[in-house]
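To start, the structure itself, in structure tokens.
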Amino acid sequence: MDSITFSPVREKDVTRAIIQGFTRQFDDYVESDVIIVGAGPSGLMAGKELADAGRKVVIVERNNYLGGGFWIGGYLMNKVTIRKPAHLILEDLGIPYQEVTEGLCTADGPHACSKLIAAACDAGVFVVNMTSFEDVVTQQPGRVNGAVINWTPVEALPRQITCVDPVAIEAELVIDATGHDACVMRKLEERGLVELPGYGAMDVGRSEDEVVARTGVAYPGVIVCGMAVATTYGLPRMGPTFGGMLESGRKAAQVAIGLLTESRTATTAPVLA
């Protein structure tokens, strides 16, 4: 391979490009249609579907990587399992898979996760990673209107020495896609607004069906999807099978689109004399 001469650039140019690019985009998403907390498979799927539908979506992820457990499958063996009919989502995303039994398929975790991340980003989802959810915004009594966020490394700082206040972003809806932690719903529980039973012992047969069935509004302004549904309603955990998580994310987007459409219809409806 011949040598390459790159365009001349100064270190200050690199720094400015990063600062200006991020702040410009972040400023644009301080107010969005939907805030999704958690960039695992259900959160990414919800974000992709919402952005495909023309909605303005920001995903908040506390880790430096996206995808959650979708990268590694189960027991550090990076095959993910998907029960039919969720394999159709893999086909939609262009993810290769293998059918191992009549109703069960496997895919390579890194390949599947990369495709889903790319699909969400290509659809127009804005991601802020290394960013932790701290609290909810409640401008209206009894309704969530946004999220309080902070840099994830701030959690490790000794607060008695360093105080770094968080910032808030607003949206019509917040989706809790934080897995078993159910961080948004746990914050509401901490405030005495809900009671959560926590997730139950593993039962794949029940969990996937029930998680998808119960995906939806869990508190005004908050939709739960993925394993946050199990924690919210006391459903069994599902382990390293991901079809229910993908389908739950898709359903969460459908619920959100319906609510956003109703809200805008009500806002723009003519006043009858």
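Residue numbers start at 1 in each chain; chains themselves are named A, B, ... in the order of the structure tokens; ligands are numbered from 1 in the order shown.
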**Message:** So that I can check the surroundings of Gly205 (chain A), please list as a VMD selection string every protein, DNA and RNA residue that reaches within 10 Å of it, counting only C-alpha atoms and ignoring chain neighbours fewer than 2 positions away.
**Reply:** chain A and resid 83 202 to 203 207 to 210 236 238
**Request:** Identify all residues of region 18-248 of chain A in strand (DSSP E or B) (DSSP on the backbone) and supply them as a ChimeraX atom specification.
**Result:** /A:31-37,57-60,74,77,79-83,98-99,104-108,126-128,131-137,140,143,146-151,167-176,200,216-219,222-224,236,241
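The closest residue to Val57 (chain A), picked from A:Ala256, A:Phe133, A:Leu246, A:Met1 and counting only C-alpha atoms, is A:Ala256.
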**Prompt:** Any idea what's packed within 12 Å of Met185 (chain A), counting only C-alpha atoms, ignoring anything in its chain fewer than 2 positions away? Could you give it as a ChimeraX atom specification?
**Reply:** /A:37,133-136,144,147,174-183,187-198,217-225,227-233
Would you export the selected residues with C-alpha atoms as a tab-separated table (two decimals), in the first residue's frame, please?
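Generated file (out02.tsv):
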```
chain	number	residue	atom	x	y	z
A	37	VAL	CA	-32.96	5.59	28.97
A	133	PHE	CA	-29.98	8.91	34.41
A	134	GLU	CA	-30.29	10.57	37.81
A	135	ASP	CA	-33.88	11.67	38.20
A	136	VAL	CA	-37.12	12.51	36.46
A	144	VAL	CA	-42.94	12.75	33.86
A	147	ALA	CA	-34.86	13.24	32.60
A	174	VAL	CA	-39.59	8.81	28.60
A	175	ILE	CA	-38.98	5.13	27.86
A	176	ASP	CA	-37.37	3.04	30.59
A	177	ALA	CA	-35.20	0.52	28.75
A	178	THR	CA	-32.68	0.03	31.54
A	179	GLY	CA	-33.10	-3.71	31.91
A	180	HIS	CA	-33.55	-5.35	35.30
A	181	ASP	CA	-32.48	-2.13	37.03
A	182	ALA	CA	-35.61	-0.29	35.79
A	183	CYS	CA	-33.86	2.96	36.74
A	187	LYS	CA	-36.71	6.59	40.86
A	188	LEU	CA	-40.50	6.90	40.86
A	189	GLU	CA	-40.62	4.23	43.56
A	190	GLU	CA	-38.05	6.16	45.57
A	191	ARG	CA	-40.38	9.15	45.39
A	192	GLY	CA	-43.28	7.06	46.66
A	193	LEU	CA	-45.17	7.22	43.37
A	194	VAL	CA	-45.14	3.50	42.48
A	195	GLU	CA	-44.33	0.15	44.06
A	196	LEU	CA	-42.22	-2.37	42.15
A	197	PRO	CA	-42.25	-6.10	42.96
A	198	GLY	CA	-38.96	-6.78	41.11
A	217	VAL	CA	-47.34	3.03	29.91
A	218	ALA	CA	-46.41	2.28	33.53
A	219	TYR	CA	-46.79	5.85	34.81
A	220	PRO	CA	-48.01	8.99	33.03
A	221	GLY	CA	-45.21	10.00	30.67
A	222	VAL	CA	-43.24	6.77	31.19
A	223	ILE	CA	-43.27	3.66	28.98
A	224	VAL	CA	-41.44	0.52	30.11
A	225	CYS	CA	-39.90	-1.99	27.71
A	227	MET	CA	-36.56	-6.34	31.17
A	228	ALA	CA	-37.65	-3.15	32.92
A	229	VAL	CA	-41.15	-4.55	32.31
A	230	ALA	CA	-40.28	-7.67	34.32
A	231	THR	CA	-39.05	-5.59	37.25
A	232	THR	CA	-42.08	-3.30	37.09
A	233	TYR	CA	-44.65	-6.09	37.11
```
**Request:** Show which residues sit within 10 Å of Asn63 (chain A), as number ranges by chain. Count only C-alpha atoms, and ignore same-chain residues fewer than 5 positions away.
**Result:** A: 38-39, 68, 128-132, 152-153
Any idea what's packed within 10 Å of Ile257 (chain A), counting only C-alpha atoms, ignoring anything in its chain fewer than 4 positions away? Could you give it as an mmCIF file with N, CA and C atoms, in the first residue's frame?
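Produced file selection-v8.cif, reproduced below:
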```cif
data_model
loop_
_atom_site.group_PDB
_atom_site.id
_atom_site.type_symbol
_atom_site.label_atom_id
_atom_site.label_comp_id
_atom_site.auth_asym_id
_atom_site.auth_seq_id
_atom_site.Cartn_x
_atom_site.Cartn_y
_atom_site.Cartn_z
ATOM 1 N N ASP A 33 -38.940 14.504 21.288
ATOM 2 C CA ASP A 33 -40.226 13.817 21.424
ATOM 3 C C ASP A 33 -40.144 12.739 22.496
ATOM 4 N N VAL A 34 -39.059 11.968 22.439
ATOM 5 C CA VAL A 34 -38.911 10.829 23.347
ATOM 6 C C VAL A 34 -37.469 10.739 23.843
ATOM 7 N N GLU A 49 -37.325 2.469 15.621
ATOM 8 C CA GLU A 49 -38.699 2.525 15.129
ATOM 9 C C GLU A 49 -39.276 3.932 15.248
ATOM 10 N N LEU A 50 -38.976 4.604 16.340
ATOM 11 C CA LEU A 50 -39.473 5.973 16.529
ATOM 12 C C LEU A 50 -38.847 6.931 15.525
ATOM 13 N N ALA A 53 -40.148 6.668 12.152
ATOM 14 C CA ALA A 53 -41.470 7.281 12.042
ATOM 15 C C ALA A 53 -41.399 8.807 12.088
ATOM 16 N N GLY A 54 -40.184 9.349 12.076
ATOM 17 C CA GLY A 54 -40.025 10.792 12.035
ATOM 18 C C GLY A 54 -40.021 11.473 13.390
ATOM 19 N N ARG A 55 -39.899 10.701 14.463
ATOM 20 C CA ARG A 55 -39.888 11.289 15.804
ATOM 21 C C ARG A 55 -38.449 11.642 16.229
ATOM 22 N N LEU A 173 -42.316 12.071 26.248
ATOM 23 C CA LEU A 173 -42.348 10.733 26.817
ATOM 24 C C LEU A 173 -40.940 10.275 27.176
ATOM 25 N N LYS A 251 -42.778 -2.626 20.264
ATOM 26 C CA LYS A 251 -44.094 -2.277 20.791
ATOM 27 C C LYS A 251 -44.055 -0.950 21.544
ATOM 28 N N ALA A 252 -42.982 -0.717 22.309
ATOM 29 C CA ALA A 252 -42.852 0.548 23.033
ATOM 30 C C ALA A 252 -42.892 1.722 22.070
ATOM 31 N N ALA A 253 -42.242 1.566 20.920
ATOM 32 C CA ALA A 253 -42.270 2.629 19.908
ATOM 33 C C ALA A 253 -43.680 2.833 19.376
ATOM 34 N N THR A 261 -49.143 11.063 18.679
ATOM 35 C CA THR A 261 -50.141 11.453 17.677
ATOM 36 C C THR A 261 -51.395 11.993 18.343
ATOM 37 N N GLU A 262 -51.847 11.330 19.397
ATOM 38 C CA GLU A 262 -53.024 11.801 20.133
ATOM 39 C C GLU A 262 -52.776 13.180 20.729
ATOM 40 N N SER A 263 -51.580 13.367 21.298
ATOM 41 C CA SER A 263 -51.250 14.643 21.928
ATOM 42 C C SER A 263 -51.265 15.777 20.916
#
```
**Asked** DSSP on the backbone: what in region 142-239 of chain A comes out helix (DSSP H, G or I), as an MDAnalysis selection string?
**Response** chainID A and resid 152:156 179:181 183:190 204:214 227:233
Env of Val100 (chain A): 12 Å cut, atoms = only C-alpha atoms, seq-sep filter 6 positions within chain, self excluded. Answer as a PDB file with N, CA and C atoms, in the first residue's frame.
```pdb
ATOM      1  N   LYS A  79     -23.147 -15.942  21.267  1.00  0.00           N
ATOM      2  CA  LYS A  79     -24.282 -16.303  20.426  1.00  0.00           C
ATOM      3  C   LYS A  79     -25.553 -15.846  21.139  1.00  0.00           C
ATOM      4  N   VAL A  80     -26.428 -15.157  20.402  1.00  0.00           N
ATOM      5  CA  VAL A  80     -27.705 -14.764  20.981  1.00  0.00           C
ATOM      6  C   VAL A  80     -28.795 -15.653  20.396  1.00  0.00           C
ATOM      7  N   THR A  81     -29.782 -15.970  21.209  1.00  0.00           N
ATOM      8  CA  THR A  81     -30.891 -16.794  20.748  1.00  0.00           C
ATOM      9  C   THR A  81     -32.122 -15.926  20.541  1.00  0.00           C
ATOM     10  N   ILE A  82     -32.893 -16.275  19.551  1.00  0.00           N
ATOM     11  CA  ILE A  82     -34.106 -15.550  19.199  1.00  0.00           C
ATOM     12  C   ILE A  82     -35.195 -16.559  18.876  1.00  0.00           C
ATOM     13  N   ARG A  83     -36.310 -16.467  19.579  1.00  0.00           N
ATOM     14  CA  ARG A  83     -37.430 -17.358  19.314  1.00  0.00           C
ATOM     15  C   ARG A  83     -38.312 -16.762  18.222  1.00  0.00           C
ATOM     16  N   LYS A  84     -38.806 -17.609  17.352  1.00  0.00           N
ATOM     17  CA  LYS A  84     -39.726 -17.147  16.329  1.00  0.00           C
ATOM     18  C   LYS A  84     -41.013 -16.638  16.985  1.00  0.00           C
ATOM     19  N   THR A 106     -30.288 -18.728  16.232  1.00  0.00           N
ATOM     20  CA  THR A 106     -29.148 -18.078  16.864  1.00  0.00           C
ATOM     21  C   THR A 106     -28.514 -17.102  15.871  1.00  0.00           C
ATOM     22  N   ALA A 107     -27.858 -16.102  16.431  1.00  0.00           N
ATOM     23  CA  ALA A 107     -27.113 -15.134  15.627  1.00  0.00           C
ATOM     24  C   ALA A 107     -25.849 -14.764  16.384  1.00  0.00           C
TER      25      ALA A 107
END
```
**Message:** With distances taken over only C-alpha atoms, which residue among A:Pro96, A:Gly47, A:Gly124, A:Gly226 lies nearest Thr241 (chain A)?
**Reply:**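 Among the listed residues, A:Gly226 lies closest to Thr241 (chain A).
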**Distance of CA of Thr215 (chain A) from CA of Ser42 (chain A), expressed in Å to one decimal place** =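 A separation of 10.6 Å between them.
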**Request:** Would you mind reading off the distance between CA of Thr162 (chain A) and CA of Glu11 (chain A), one decimal, in Å?
**Result:**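 Answer for the CA of Thr162 (chain A) to CA of Glu11 (chain A) separation: 29.2 Å.
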**Prompt:** Between A:Leu93, A:Gly258, A:Arg237, A:Tyr199, which has the minimum distance to Asp122 (chain A) (counting only C-alpha atoms)?
**Reply:**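 Selected residue with least distance to Asp122 (chain A): A:Leu93.
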**Length of the CA of Lys56 (chain A) to CA of Tyr29 (chain A) vector [Å]** =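 Pair CA of Lys56 (chain A) / CA of Tyr29 (chain A) returns 7.8 Å.
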